[in-house]
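A.B. asks: Below you'll find the structure I mean.
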Amino acid sequence: MTRIPPVHRVAYMHEFGAPLSIESVPTPKPVGEQVLIKVVGAGICHSDVHVWKGEFTEVNMPPRLPWVLSHEITGVVVDRGERVPDTIGIGQKVLVFAWGWTEEDEWVLRGYSNITEKPWQPSLTDEGGLREYFLVPHYKFLVDMEGIDDLVAAAPLACAGLTTFRAVKKARNVLDVDDYVVVAGLGGLGAYAVQWLRILAPYVNIIGVDTRDEAIEFVSKIAKLDEVINASREDPFVQVMIITKGKGAKVVLDFVGPKALPTYFLTLSKRGVYILVGLMGMETTIMRLPLLTYREQTIMGSFVGTLPEQYEVVSLAKKGKIDYKSVVTRRLKLEEATAALEALEKGQVLGRQVVVFE
Ligand SMILES: [Zn+2]
């Protein structure tokens, strides 16, 4: 068994927007249902940027400072509490399901743990994975990763992969053959979403939209886009109407956020469904809502995913059905985490960034 050091390194956030500080802290001993893992990969999500910048303080995230970011965590089990069953073995490769709960409230029991009132969500409600050793509060939040050969690249399956999977499942329910889907935002989320669409709704036409040519090119290499629009040069509404011959898109998957809604909402067809996933521009108000009535349209939100969906996502990755490796474009050291947050904030990142631990 590998020796567990008494202290380990962690990237602490002491102040909003300030550089993270690398410090040594005692390594916890798991008790009860807890499991200690040695972190292998910790992905950087746009939510981490929001928390880092203090943009989620209204919803009490983070609940205190100092804080630790990252909720895309993979690792290896190194120690277990006394009530952890033998199915969780020392040395086992795992992914940490990041959308857990501390109490089984009504939402958890109904199968909507992603919107529980009692969340356990690393980097949002609890300290995250930018550290060498991470204490998982309950073994049920571990997903077996045996058969995944790149545990670092698999870390974003815990948020980017899962979030897009749930959103695309909602999209699939309303999509018919030859319908058009607008995928707005071709970053890490878009790169996954297009792949899920190809698996779950292979009969639709995908219109990829971004303001960056390099992002369009990046996603095009991972999965086929039928049409592309650069929204910095072309009007998405005009272009979608040309492509769809005036009908509009049946589904918009918005990975940008409310600030994009007034633009992309207009690209929807009658009975179209707008699925809002991104969180940019939270102060945006929606205009021209009467169109919803005349056109029988729907605007719905989709937030992260459930544990059963996480199993599905990991299973599809194990079967080689998606290319999760190409989504990760930068592997960084813990000391480079601040630079990763800054790059993401400035829109300089293609795909996903993951902090790697030796
Ligand atoms: Zn995330």
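Each chain of the structure tokens is named A, B, ... in the order shown, its residues numbered from 1; ligands are numbered from 1 in display order.
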Env of region 205-217 of chain A: 6 Å cut, atoms = only C-alpha atoms, seq-sep filter 4 positions within chain, self excluded. Answer as JSON, numbers by chain.

C.D. replies: {"A": [180, 181, 182, 183, 184, 185, 186, 225, 226, 227, 228, 229, 230, 231, 232]}

A.B. asks: Name the residues in contact with region 61-74 of chain A at a cut-off of 9 Å, using only C-alpha atoms, excluding same-chain residues fewer than 2 positions from it; report them as a PyMOL selection string.

C.D. replies: chain A and resi 10-15+20+37-45+47-49+51-52+54-59+76+93-99+121-131+134+145+151-152+154-160+354

A.B. asks: For Tyr203 (chain A), find every residue with an atom within 8 Å (counting only C-alpha atoms), except residues of its own chain fewer than 3 positions away, and show them as number ranges by chain.

C.D. replies: A: 176-179, 198

A.B. asks: If DSSP is run on the backbone, what residues of region 40-273 of chain A are strand (DSSP E)? A reply as a VMD selection string would be ideal.

C.D. replies: chain A and resid 40 to 44 72 to 80 93 to 96 100 to 101 119 to 120 133 to 136 142 to 144 180 to 184 205 to 210 227 to 230 249 to 254 268 to 273

A.B. asks: Would you list, as a ChimeraX atom specification, the residues of region 22-250 of chain A that end up in alpha helix (DSSP H) under DSSP run on this structure's backbone?

C.D. replies: /A:46-52,106-109,160-172,188-200,213-222,236-243

A.B. asks: I'd like the contact shell of Gly278 (chain A) - 9 Å cut-off, only C-alpha atoms, skipping same-chain residues fewer than 5 positions apart - returned as a PyMOL selection string.

C.D. replies: chain A and resi 185+254-258

A.B. asks: Find the spatial neighbours of region 298-313 of chain A, counting only C-alpha atoms, within a cut-off of 9 Å - ignore same-chain residues fewer than 3 positions away - and output them as a ChimeraX atom specification.

C.D. replies: /A:97,99-100,111-115,141,143-144,157-167,170,265,271-277,292,316-318

A.B. asks: Keeping N, CA, C and O atoms, export the residues of the selection given above as a short mmCIF file (atom, residue, chain, number, x, y, z; two decimals), in the first residue's frame.

C.D. replies:
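Result written to again_30.cif:
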```cif
data_model
loop_
_atom_site.label_atom_id
_atom_site.label_comp_id
_atom_site.auth_asym_id
_atom_site.auth_seq_id
_atom_site.Cartn_x
_atom_site.Cartn_y
_atom_site.Cartn_z
N PHE A 97 -18.40 11.71 -8.11
CA PHE A 97 -19.66 12.33 -8.52
C PHE A 97 -19.82 13.61 -7.71
O PHE A 97 -19.85 13.57 -6.48
N TRP A 99 -22.25 15.98 -7.59
CA TRP A 99 -23.57 16.60 -7.41
C TRP A 99 -24.38 15.79 -6.42
O TRP A 99 -25.51 15.41 -6.65
N GLY A 100 -23.72 15.53 -5.27
CA GLY A 100 -24.30 14.68 -4.25
C GLY A 100 -25.16 15.46 -3.27
O GLY A 100 -25.50 16.63 -3.48
N GLY A 111 -35.60 11.42 -7.54
CA GLY A 111 -34.67 11.19 -8.65
C GLY A 111 -34.08 12.45 -9.25
O GLY A 111 -33.51 12.42 -10.34
N TYR A 112 -34.23 13.56 -8.53
CA TYR A 112 -33.68 14.84 -9.02
C TYR A 112 -32.65 15.37 -8.02
O TYR A 112 -32.75 16.50 -7.55
N SER A 113 -31.67 14.54 -7.72
CA SER A 113 -30.67 14.93 -6.73
C SER A 113 -29.89 16.17 -7.17
O SER A 113 -29.34 16.88 -6.33
N ASN A 114 -29.87 16.44 -8.47
CA ASN A 114 -29.14 17.61 -8.96
C ASN A 114 -29.74 18.93 -8.46
O ASN A 114 -29.06 19.95 -8.44
N ILE A 115 -31.00 18.90 -8.05
CA ILE A 115 -31.62 20.13 -7.55
C ILE A 115 -32.03 19.99 -6.07
O ILE A 115 -32.95 20.65 -5.59
N PHE A 141 -20.71 8.18 -3.70
CA PHE A 141 -20.42 9.20 -4.71
C PHE A 141 -19.18 8.87 -5.54
O PHE A 141 -18.66 9.73 -6.25
N VAL A 143 -17.52 6.64 -8.62
CA VAL A 143 -17.86 5.87 -9.81
C VAL A 143 -16.60 5.15 -10.27
O VAL A 143 -15.54 5.78 -10.43
N ASP A 144 -16.71 3.84 -10.45
CA ASP A 144 -15.56 3.02 -10.82
C ASP A 144 -15.06 3.40 -12.21
O ASP A 144 -15.84 3.56 -13.15
N LEU A 157 -15.52 14.54 -17.19
CA LEU A 157 -16.77 13.78 -17.29
C LEU A 157 -17.68 14.06 -16.09
O LEU A 157 -18.89 13.89 -16.16
N ALA A 158 -17.07 14.54 -14.97
CA ALA A 158 -17.83 14.78 -13.75
C ALA A 158 -18.70 16.04 -13.83
O ALA A 158 -19.68 16.16 -13.10
N CYS A 159 -18.32 16.99 -14.71
CA CYS A 159 -19.19 18.17 -14.87
C CYS A 159 -19.51 18.43 -16.33
O CYS A 159 -20.65 18.30 -16.75
N ALA A 160 -18.50 18.76 -17.13
CA ALA A 160 -18.77 19.09 -18.54
C ALA A 160 -19.46 17.93 -19.26
O ALA A 160 -20.47 18.11 -19.95
N GLY A 161 -18.94 16.72 -19.05
CA GLY A 161 -19.52 15.55 -19.72
C GLY A 161 -20.92 15.25 -19.25
O GLY A 161 -21.83 14.97 -20.02
N LEU A 162 -21.11 15.33 -17.92
CA LEU A 162 -22.41 15.00 -17.32
C LEU A 162 -23.47 16.06 -17.64
O LEU A 162 -24.61 15.72 -18.00
N THR A 163 -23.11 17.30 -17.49
CA THR A 163 -24.05 18.41 -17.71
C THR A 163 -24.60 18.38 -19.13
O THR A 163 -25.81 18.55 -19.36
N THR A 164 -23.72 18.15 -20.09
CA THR A 164 -24.16 18.13 -21.49
C THR A 164 -24.98 16.88 -21.79
O THR A 164 -25.92 16.93 -22.59
N PHE A 165 -24.66 15.78 -21.12
CA PHE A 165 -25.40 14.54 -21.33
C PHE A 165 -26.86 14.72 -20.92
O PHE A 165 -27.79 14.35 -21.65
N ARG A 166 -27.07 15.31 -19.73
CA ARG A 166 -28.44 15.53 -19.26
C ARG A 166 -29.19 16.48 -20.21
O ARG A 166 -30.35 16.23 -20.55
N ALA A 167 -28.52 17.54 -20.64
CA ALA A 167 -29.17 18.51 -21.53
C ALA A 167 -29.53 17.87 -22.87
O ALA A 167 -30.63 18.10 -23.40
N LYS A 170 -32.58 15.69 -22.65
CA LYS A 170 -33.81 16.49 -22.71
C LYS A 170 -34.10 16.89 -24.16
O LYS A 170 -35.26 16.89 -24.59
N PHE A 265 -32.87 32.78 -28.85
CA PHE A 265 -34.29 32.47 -28.71
C PHE A 265 -35.00 32.69 -30.05
O PHE A 265 -35.90 31.92 -30.43
N ARG A 271 -42.90 25.30 -31.70
CA ARG A 271 -42.77 24.17 -30.78
C ARG A 271 -41.31 23.87 -30.41
O ARG A 271 -40.99 22.78 -29.94
N GLY A 272 -40.47 24.85 -30.67
CA GLY A 272 -39.06 24.68 -30.35
C GLY A 272 -38.81 24.73 -28.85
O GLY A 272 -39.60 25.28 -28.09
N VAL A 273 -37.68 24.13 -28.44
CA VAL A 273 -37.33 24.07 -27.03
C VAL A 273 -35.95 24.69 -26.83
O VAL A 273 -34.99 24.28 -27.49
N TYR A 274 -35.91 25.64 -25.94
CA TYR A 274 -34.65 26.32 -25.61
C TYR A 274 -34.12 25.74 -24.32
O TYR A 274 -34.78 25.81 -23.27
N ILE A 275 -32.94 25.14 -24.35
CA ILE A 275 -32.39 24.51 -23.15
C ILE A 275 -31.19 25.34 -22.67
O ILE A 275 -30.15 25.40 -23.33
N LEU A 276 -31.40 25.99 -21.54
CA LEU A 276 -30.40 26.91 -21.00
C LEU A 276 -29.50 26.16 -20.02
O LEU A 276 -29.97 25.60 -19.03
N VAL A 277 -28.21 26.19 -20.32
CA VAL A 277 -27.25 25.47 -19.49
C VAL A 277 -26.18 26.42 -18.95
O VAL A 277 -25.81 26.37 -17.79
N LEU A 292 -43.54 33.00 -27.13
CA LEU A 292 -43.67 31.67 -26.54
C LEU A 292 -45.08 31.13 -26.75
O LEU A 292 -45.27 29.96 -27.06
N LEU A 316 -20.33 5.05 -21.35
CA LEU A 316 -20.13 5.37 -22.76
C LEU A 316 -18.66 5.72 -23.04
O LEU A 316 -18.12 5.38 -24.10
N ALA A 317 -18.01 6.36 -22.07
CA ALA A 317 -16.57 6.66 -22.23
C ALA A 317 -15.76 5.37 -22.23
O ALA A 317 -14.85 5.19 -23.05
N LYS A 318 -16.11 4.43 -21.33
CA LYS A 318 -15.40 3.14 -21.27
C LYS A 318 -15.56 2.35 -22.57
O LYS A 318 -14.66 1.65 -23.01
#
```
